[in-house]
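Novice: Can you keep this structure in mind? I'll have questions shortly.
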Amino acid sequence: MVKLNVLDYAVVDEGRTPEEAIRETVELCKKAEHLGYHRFWMAEHHDVSAFASSSPEMLMMHLLGKTESIRLGSGGVMIPHYSPLKTAENFRMLETLYPGRVDLGVGNTIGTKIVNRAMNETRRRKQRYEDNISDIIKYVTNTDDPEHRYNDLMANPAGPGNPEMWMLSTSVRSAETAARQGTGYTFGLFPYASEDKTEIGQEAIRVYRENFKPSAVMKAPTVMVAPFVVAADTEEEADALARALDLWLLGKDNFSEFDRMPSVETAENYPYTETDRKNIQNNRTRMIVGDKESVKAQLTSITETFGADELMLIPLIPGAENRQRALEAIASQFKI
């Protein structure tokens, strides 16, 4: 059976504070563990006031200490901003403290110009994405054996276990990289609206599986597909929650139009333009929306269409209770 996972943003809802959002993320992670979800990942976002997840590694550390068995991961660390050695050290520390429970998901998004400039203001050399991935793997999988050190450097603390490593992607090119490097492969349905993304995803996953080379961070090719999911007790309630996500995904002013995740009421009263409505219609292709039976059918279809081993569900909807209920509804259908 397909494994179910969760990607969270530490959403700051209307009327809530970032501190409350982080506490709500802790409760969502505990709920996911109780329900039998396999992984719980934290996104990395900068300069977005509605998301408190600017440092997935720090949140992962906190969540690992609050849970017992669920795997914690980054979805993902945007490695153009960071040195491979420091990234490896962060995840070696996590793996040492919580062996067998750590995932290192990486991505290549640099964010807005102002974010990219601030994150890289002292960096003089830009390294190729694949070189960064290769270096991280070499550092993160080293041991205290001098013969296996990379570049005469060692990512401490050394130890026998390694975190799993995943590449987040929306392209065939990235699938080729994931296969060469021997990482897991996460295909994102959520980042963009496109009529041909099914075809792109199928081709990317085929290329990944056919060319995969086992490594210390992933022994066999493993595919995860990630959609937004809006699940509720009824179709009407799900559609109402989805309208809040519709509004958020318009992404005006680099997602700075709202300093909190819009509520259903805010979405219902928003003065949409004709262009907005067209964009909303296109964005609905990024979502799974419905009651629990409908959502199960749609997720099953995605699993079969892409041949996915796992699904990374993204319940980006307003209200901590609504996010928890969405996970409950899906878990009840898949009997995880």
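Chain labels follow the order of the structure tokens: the first chain is A, the next B, and so on; residue numbering restarts at 1 in every chain, and ligands are counted from 1 in their shown order.
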Within 6 Å of region 4-17 of chain A, which residues of region 32-123 of chain A show up? Give each one with its shortest atom-to-atom distance in Å (one decimal) and the two atoms involved, counting only C-alpha atoms, rows by chain then rising residue number, as JSON lines.
Specialist:
{"residue": "A:Tyr37", "atom": "CA", "partner": "A:Leu4", "partner_atom": "CA", "distance": 5.4}
{"residue": "A:His38", "atom": "CA", "partner": "A:Asn5", "partner_atom": "CA", "distance": 5.4}
{"residue": "A:Arg39", "atom": "CA", "partner": "A:Asn5", "partner_atom": "CA", "distance": 4.7}
{"residue": "A:Phe40", "atom": "CA", "partner": "A:Val6", "partner_atom": "CA", "distance": 4.8}
{"residue": "A:Trp41", "atom": "CA", "partner": "A:Leu7", "partner_atom": "CA", "distance": 4.7}
{"residue": "A:Met42", "atom": "CA", "partner": "A:Asp8", "partner_atom": "CA", "distance": 5.1}
{"residue": "A:Ala43", "atom": "CA", "partner": "A:Tyr9", "partner_atom": "CA", "distance": 5.3}
{"residue": "A:Ala50", "atom": "CA", "partner": "A:Val12", "partner_atom": "CA", "distance": 4.8}
{"residue": "A:Phe51", "atom": "CA", "partner": "A:Val11", "partner_atom": "CA", "distance": 4.8}
{"residue": "A:Ala52", "atom": "CA", "partner": "A:Ala10", "partner_atom": "CA", "distance": 5.1}
{"residue": "A:Ser53", "atom": "CA", "partner": "A:Ala10", "partner_atom": "CA", "distance": 5.4}
Novice: Those selected residues, please, written with N, CA, C and O atoms and delivered as a compact mmCIF listing (two decimals), in the first residue's frame.
Specialist:
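Saved the output as part07.txt:
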# COMPACT_ATOMS: atom_id res chain seq x y z
N TYR A 37 0.77 8.16 9.77
CA TYR A 37 1.49 8.73 8.64
C TYR A 37 2.98 8.39 8.78
O TYR A 37 3.51 8.28 9.89
N HIS A 38 3.64 8.24 7.63
CA HIS A 38 5.03 7.75 7.62
C HIS A 38 6.05 8.86 7.84
O HIS A 38 7.03 8.68 8.57
N ARG A 39 5.84 9.99 7.20
CA ARG A 39 6.78 11.12 7.28
C ARG A 39 6.01 12.42 7.54
O ARG A 39 4.86 12.58 7.12
N PHE A 40 6.71 13.36 8.17
CA PHE A 40 6.18 14.71 8.37
C PHE A 40 7.31 15.67 8.02
O PHE A 40 8.34 15.68 8.70
N TRP A 41 7.13 16.42 6.95
CA TRP A 41 8.19 17.33 6.48
C TRP A 41 7.80 18.79 6.71
O TRP A 41 6.62 19.15 6.67
N MET A 42 8.83 19.60 6.90
CA MET A 42 8.65 21.05 7.04
C MET A 42 9.19 21.76 5.80
O MET A 42 10.30 21.46 5.34
N ALA A 43 8.40 22.69 5.29
CA ALA A 43 8.83 23.49 4.14
C ALA A 43 9.82 24.56 4.57
O ALA A 43 9.94 24.87 5.77
N ALA A 50 2.86 34.64 6.43
CA ALA A 50 1.83 33.64 6.74
C ALA A 50 2.43 32.27 7.03
O ALA A 50 1.70 31.37 7.45
N PHE A 51 3.74 32.11 6.80
CA PHE A 51 4.40 30.83 7.07
C PHE A 51 5.51 31.06 8.09
O PHE A 51 6.39 31.90 7.88
N ALA A 52 5.49 30.28 9.17
CA ALA A 52 6.52 30.42 10.21
C ALA A 52 7.69 29.47 9.99
O ALA A 52 8.63 29.46 10.79
N SER A 53 7.66 28.71 8.91
CA SER A 53 8.69 27.68 8.69
C SER A 53 9.84 28.23 7.85
O SER A 53 10.02 27.87 6.70
Novice: Do a neighbour search on Ile200 (chain A) at 9 Å with only C-alpha atoms, toss out local chain neighbours closer than 6 positions, and write the hits as number ranges by chain.
Specialist: A: 170-172
Novice: Please save N, CA, C and O atoms of the selected residues as a compact mmCIF listing (two decimals), in the first residue's frame.
Specialist:
# COMPACT_ATOMS: atom_id res chain seq x y z
N THR A 170 10.22 19.19 -10.40
CA THR A 170 9.08 19.26 -11.32
C THR A 170 9.53 19.02 -12.76
O THR A 170 8.82 19.35 -13.70
N SER A 171 10.71 18.42 -12.93
CA SER A 171 11.25 18.30 -14.29
C SER A 171 11.95 16.97 -14.52
O SER A 171 12.39 16.29 -13.58
N VAL A 172 12.08 16.62 -15.78
CA VAL A 172 12.81 15.41 -16.18
C VAL A 172 14.30 15.59 -15.87
O VAL A 172 14.97 14.64 -15.44
Novice: Using DSSP on the backbone coordinates, identify all residues within region 1-71 of chain A classified as strand (DSSP E); present the result as a PyMOL selection string.
Specialist: chain A and resi 3-8+39-42+71
Novice: Take the selection from the previous step and output its residues with N, CA, C and O atoms, as a CSV table (one decimal), in the first residue's frame.
Specialist:
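Everything below was put into out31.csv:
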chain,number,residue,atom,x,y,z
A,3,LYS,N,2.5,4.7,0.9
A,3,LYS,CA,2.7,5.3,2.2
A,3,LYS,C,2.3,6.8,2.1
A,3,LYS,O,2.5,7.5,1.1
A,4,LEU,N,1.7,7.3,3.2
A,4,LEU,CA,1.2,8.7,3.2
A,4,LEU,C,2.0,9.5,4.1
A,4,LEU,O,2.4,9.1,5.3
A,5,ASN,N,2.3,10.7,3.7
A,5,ASN,CA,3.2,11.7,4.4
A,5,ASN,C,2.5,13.0,4.4
A,5,ASN,O,1.6,13.3,3.6
A,6,VAL,N,3.1,14.0,5.2
A,6,VAL,CA,2.5,15.3,5.3
A,6,VAL,C,3.6,16.3,5.1
A,6,VAL,O,4.7,16.2,5.7
A,7,LEU,N,3.3,17.4,4.4
A,7,LEU,CA,4.2,18.6,4.3
A,7,LEU,C,3.5,19.7,4.9
A,7,LEU,O,2.3,20.1,4.6
A,8,ASP,N,4.1,20.4,5.9
A,8,ASP,CA,3.5,21.5,6.6
A,8,ASP,C,4.4,22.8,6.5
A,8,ASP,O,5.6,22.7,6.3
A,39,ARG,N,5.8,10.0,7.2
A,39,ARG,CA,6.8,11.1,7.3
A,39,ARG,C,6.0,12.4,7.5
A,39,ARG,O,4.9,12.6,7.1
A,40,PHE,N,6.7,13.4,8.2
A,40,PHE,CA,6.2,14.7,8.4
A,40,PHE,C,7.3,15.7,8.0
A,40,PHE,O,8.3,15.7,8.7
A,41,TRP,N,7.1,16.4,6.9
A,41,TRP,CA,8.2,17.3,6.5
A,41,TRP,C,7.8,18.8,6.7
A,41,TRP,O,6.6,19.1,6.7
A,42,MET,N,8.8,19.6,6.9
A,42,MET,CA,8.6,21.0,7.0
A,42,MET,C,9.2,21.8,5.8
A,42,MET,O,10.3,21.5,5.3
A,71,ARG,N,9.0,9.8,10.8
A,71,ARG,CA,10.2,10.4,10.2
A,71,ARG,C,9.9,11.9,10.0
A,71,ARG,O,8.8,12.3,9.6
Novice: Using backbone DSSP assignments, extract all alpha helix (DSSP H) residues from region 143-208 of chain A; output them as a PyMOL selection string.
Specialist: chain A and resi 172-181+197-208
Novice: Show me, as number ranges by chain, the residues that have an atom within 8 Å of region 173-190 of chain A when counting only C-alpha atoms, minus same-chain residues fewer than 2 positions from it.
Specialist: A: 130, 133-134, 164-171, 192-193, 197, 201, 204-205, 207-209, 211-228, 286-287
Novice: So, with only C-alpha atoms as the atoms that count, which of A:Gly65, A:Gly319, A:Pro271, A:Pro84 lies closest to Leu153 (chain A)?
Specialist: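 Closest to Leu153 (chain A) of all the choices is A:Pro84.
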Novice: Using only C-alpha atoms, pick whichever of A:Ile288, A:Ile70, A:Val230, A:Ile114 has the shortest atom-to-atom distance to Ile302 (chain A).
Specialist: A:Ile288
Novice: What does the distance from CA of Pro160 (chain A) to CA of Asp135 (chain A) come to in Å, to one decimal?
Specialist: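 CA of Pro160 (chain A) sits 18.6 Å away from CA of Asp135 (chain A).
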Novice: Using only C-alpha atoms for the distances, tell me which of A:Glu44, A:Leu63, A:Arg23, A:Met58 is nearest to Gly76 (chain A).
Specialist: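 Smallest distance to Gly76 (chain A) is found for A:Glu44.
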Novice: Need the shell around Met78 (chain A): protein/DNA/RNA residues with any atom at most 9 Å away, counting only C-alpha atoms. Skip same-chain ones fewer than 2 positions apart. Format as JSON, numbers by chain?
Specialist: {"A": [44, 75, 76, 80, 81, 82, 105, 106, 107, 108, 109, 110]}
Novice: Keeping only C-alpha atoms, write the selected residues as a CSV table (one decimal), in the first residue's frame.
Specialist:
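part-v7.csv, freshly written:
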chain,number,residue,atom,x,y,z
A,44,GLU,CA,11.4,26.3,3.9
A,75,GLY,CA,10.7,19.8,2.2
A,76,GLY,CA,13.1,21.1,1.4
A,80,PRO,CA,21.7,27.3,-3.4
A,81,HIS,CA,21.7,29.4,-0.2
A,82,TYR,CA,23.9,27.1,1.9
A,105,GLY,CA,14.9,16.9,1.2
A,106,VAL,CA,16.6,19.4,-1.0
A,107,GLY,CA,15.3,21.9,-3.6
A,108,ASN,CA,16.7,24.5,-5.9
A,109,THR,CA,14.3,27.5,-5.5
A,110,ILE,CA,16.1,30.7,-4.8
Novice: Using only C-alpha atoms, which residues sit within 12 Å of Thr300 (chain A) once same-chain residues fewer than 3 positions away are excluded, as a list in words?
Specialist: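 Using only C-alpha atoms, the neighbours found are Met1, Val2, Lys3, Leu4, Val225, Ile288, Glu293, Ser294, Val295, Lys296, Ala297, Thr303, Glu304, Thr305, Phe306, Gly307, Ala308, Asp309, Glu310, Leu311, Ile330, Gln333 and Phe334 of chain A.
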Novice: Dump C-alpha atoms for the selected residues as a compact mmCIF listing (two decimals), in the first residue's frame?
Specialist:
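Final file, again29.txt:
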# COMPACT_ATOMS: atom_id res chain seq x y z
CA MET A 1 0.00 0.00 0.00
CA VAL A 2 1.15 3.54 -0.74
CA LYS A 3 2.73 5.35 2.21
CA LEU A 4 1.17 8.66 3.23
CA VAL A 225 4.16 12.61 -5.53
CA ILE A 288 -7.27 17.38 -4.57
CA GLU A 293 -14.38 9.17 -0.23
CA SER A 294 -13.74 11.52 -3.14
CA VAL A 295 -10.27 12.41 -1.92
CA LYS A 296 -9.35 8.74 -1.54
CA ALA A 297 -10.45 8.05 -5.11
CA THR A 303 -0.82 6.84 -7.19
CA GLU A 304 -1.71 4.64 -10.15
CA THR A 305 -1.08 7.33 -12.77
CA PHE A 306 2.44 8.03 -11.58
CA GLY A 307 3.33 4.67 -10.04
CA ALA A 308 4.07 6.42 -6.75
CA ASP A 309 5.49 4.59 -3.75
CA GLU A 310 4.47 7.40 -1.43
CA LEU A 311 2.26 10.51 -1.40
CA ILE A 330 -7.68 10.59 4.69
CA GLN A 333 -10.02 5.86 4.18
CA PHE A 334 -6.56 4.41 3.64
Novice: Mind giving me the straight-line distance from CA of Ser49 (chain A) to CA of Ala329 (chain A) in Å, one decimal?
Specialist: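 We find that CA of Ser49 (chain A) and CA of Ala329 (chain A) lie 28.7 Å from each other.
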Novice: With a distance cut-off of 12 Å and only C-alpha atoms, select the neighbouring residues of Glu27 (chain A), excluding the residue or stretch itself and same-chain residues fewer than 6 positions from it, and output the selection as a PyMOL selection string.
Specialist: chain A and resi 8+10+20-21+33-34+40+62-63+66-67+320-321+323-324
Novice: Would you put the residues from that selection into a file with N, CA, C and O atoms, as a PDB file, in the first residue's frame?
Specialist:
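Saved to part31.pdb:
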ATOM      1  N   ASP A   8       4.148  20.385   5.867  1.00  0.00           N
ATOM      2  CA  ASP A   8       3.541  21.482   6.621  1.00  0.00           C
ATOM      3  C   ASP A   8       4.365  22.761   6.473  1.00  0.00           C
ATOM      4  O   ASP A   8       5.579  22.703   6.286  1.00  0.00           O
ATOM      5  N   ALA A  10       3.880  25.433   8.826  1.00  0.00           N
ATOM      6  CA  ALA A  10       3.662  26.197  10.054  1.00  0.00           C
ATOM      7  C   ALA A  10       2.813  27.425   9.729  1.00  0.00           C
ATOM      8  O   ALA A  10       3.227  28.572   9.888  1.00  0.00           O
ATOM      9  N   GLU A  20       1.934  30.723  17.999  1.00  0.00           N
ATOM     10  CA  GLU A  20       0.801  29.805  18.013  1.00  0.00           C
ATOM     11  C   GLU A  20       0.864  28.850  16.821  1.00  0.00           C
ATOM     12  O   GLU A  20       0.521  27.662  16.940  1.00  0.00           O
ATOM     13  N   ALA A  21       1.310  29.372  15.682  1.00  0.00           N
ATOM     14  CA  ALA A  21       1.407  28.526  14.490  1.00  0.00           C
ATOM     15  C   ALA A  21       2.381  27.377  14.709  1.00  0.00           C
ATOM     16  O   ALA A  21       2.122  26.230  14.298  1.00  0.00           O
ATOM     17  N   GLU A  33       1.493  11.355  13.472  1.00  0.00           N
ATOM     18  CA  GLU A  33       2.128  10.154  14.021  1.00  0.00           C
ATOM     19  C   GLU A  33       1.082   9.201  14.586  1.00  0.00           C
ATOM     20  O   GLU A  33       1.120   7.981  14.337  1.00  0.00           O
ATOM     21  N   HIS A  34       0.145   9.732  15.349  1.00  0.00           N
ATOM     22  CA  HIS A  34      -0.906   8.902  15.954  1.00  0.00           C
ATOM     23  C   HIS A  34      -1.739   8.193  14.897  1.00  0.00           C
ATOM     24  O   HIS A  34      -2.143   7.034  15.072  1.00  0.00           O
ATOM     25  N   PHE A  40       6.709  13.363   8.174  1.00  0.00           N
ATOM     26  CA  PHE A  40       6.182  14.713   8.368  1.00  0.00           C
ATOM     27  C   PHE A  40       7.313  15.666   8.024  1.00  0.00           C
ATOM     28  O   PHE A  40       8.342  15.682   8.697  1.00  0.00           O
ATOM     29  N   HIS A  62      12.896  20.251  16.938  1.00  0.00           N
ATOM     30  CA  HIS A  62      11.849  20.405  17.943  1.00  0.00           C
ATOM     31  C   HIS A  62      10.811  19.289  17.821  1.00  0.00           C
ATOM     32  O   HIS A  62      10.418  18.677  18.828  1.00  0.00           O
ATOM     33  N   LEU A  63      10.394  18.998  16.592  1.00  0.00           N
ATOM     34  CA  LEU A  63       9.364  17.984  16.370  1.00  0.00           C
ATOM     35  C   LEU A  63       9.864  16.574  16.678  1.00  0.00           C
ATOM     36  O   LEU A  63       9.112  15.735  17.183  1.00  0.00           O
ATOM     37  N   LYS A  66       9.412  15.878  20.188  1.00  0.00           N
ATOM     38  CA  LYS A  66       8.025  15.808  20.633  1.00  0.00           C
ATOM     39  C   LYS A  66       7.307  14.547  20.149  1.00  0.00           C
ATOM     40  O   LYS A  66       6.143  14.331  20.480  1.00  0.00           O
ATOM     41  N   THR A  67       7.989  13.736  19.333  1.00  0.00           N
ATOM     42  CA  THR A  67       7.377  12.537  18.758  1.00  0.00           C
ATOM     43  C   THR A  67       8.281  11.338  19.013  1.00  0.00           C
ATOM     44  O   THR A  67       9.395  11.470  19.539  1.00  0.00           O
ATOM     45  N   ALA A 320      -6.224  25.299  12.204  1.00  0.00           N
ATOM     46  CA  ALA A 320      -5.493  24.116  12.684  1.00  0.00           C
ATOM     47  C   ALA A 320      -6.418  22.914  12.816  1.00  0.00           C
ATOM     48  O   ALA A 320      -6.032  21.783  12.498  1.00  0.00           O
ATOM     49  N   GLU A 321      -7.637  23.137  13.281  1.00  0.00           N
ATOM     50  CA  GLU A 321      -8.578  22.023  13.426  1.00  0.00           C
ATOM     51  C   GLU A 321      -8.941  21.440  12.067  1.00  0.00           C
ATOM     52  O   GLU A 321      -9.093  20.216  11.928  1.00  0.00           O
ATOM     53  N   ARG A 323      -7.012  21.354   9.420  1.00  0.00           N
ATOM     54  CA  ARG A 323      -5.863  20.586   8.935  1.00  0.00           C
ATOM     55  C   ARG A 323      -5.812  19.221   9.620  1.00  0.00           C
ATOM     56  O   ARG A 323      -5.524  18.201   8.977  1.00  0.00           O
ATOM     57  N   GLN A 324      -6.087  19.195  10.916  1.00  0.00           N
ATOM     58  CA  GLN A 324      -6.108  17.917  11.616  1.00  0.00           C
ATOM     59  C   GLN A 324      -7.236  17.017  11.102  1.00  0.00           C
ATOM     60  O   GLN A 324      -7.042  15.810  10.895  1.00  0.00           O
TER      61      GLN A 324
END
Novice: Which is closest to Glu235 (chain A) among A:Gln298, A:Leu104, A:Gly290, A:Thr285, if we use only C-alpha atoms?
Specialist: A:Gly290
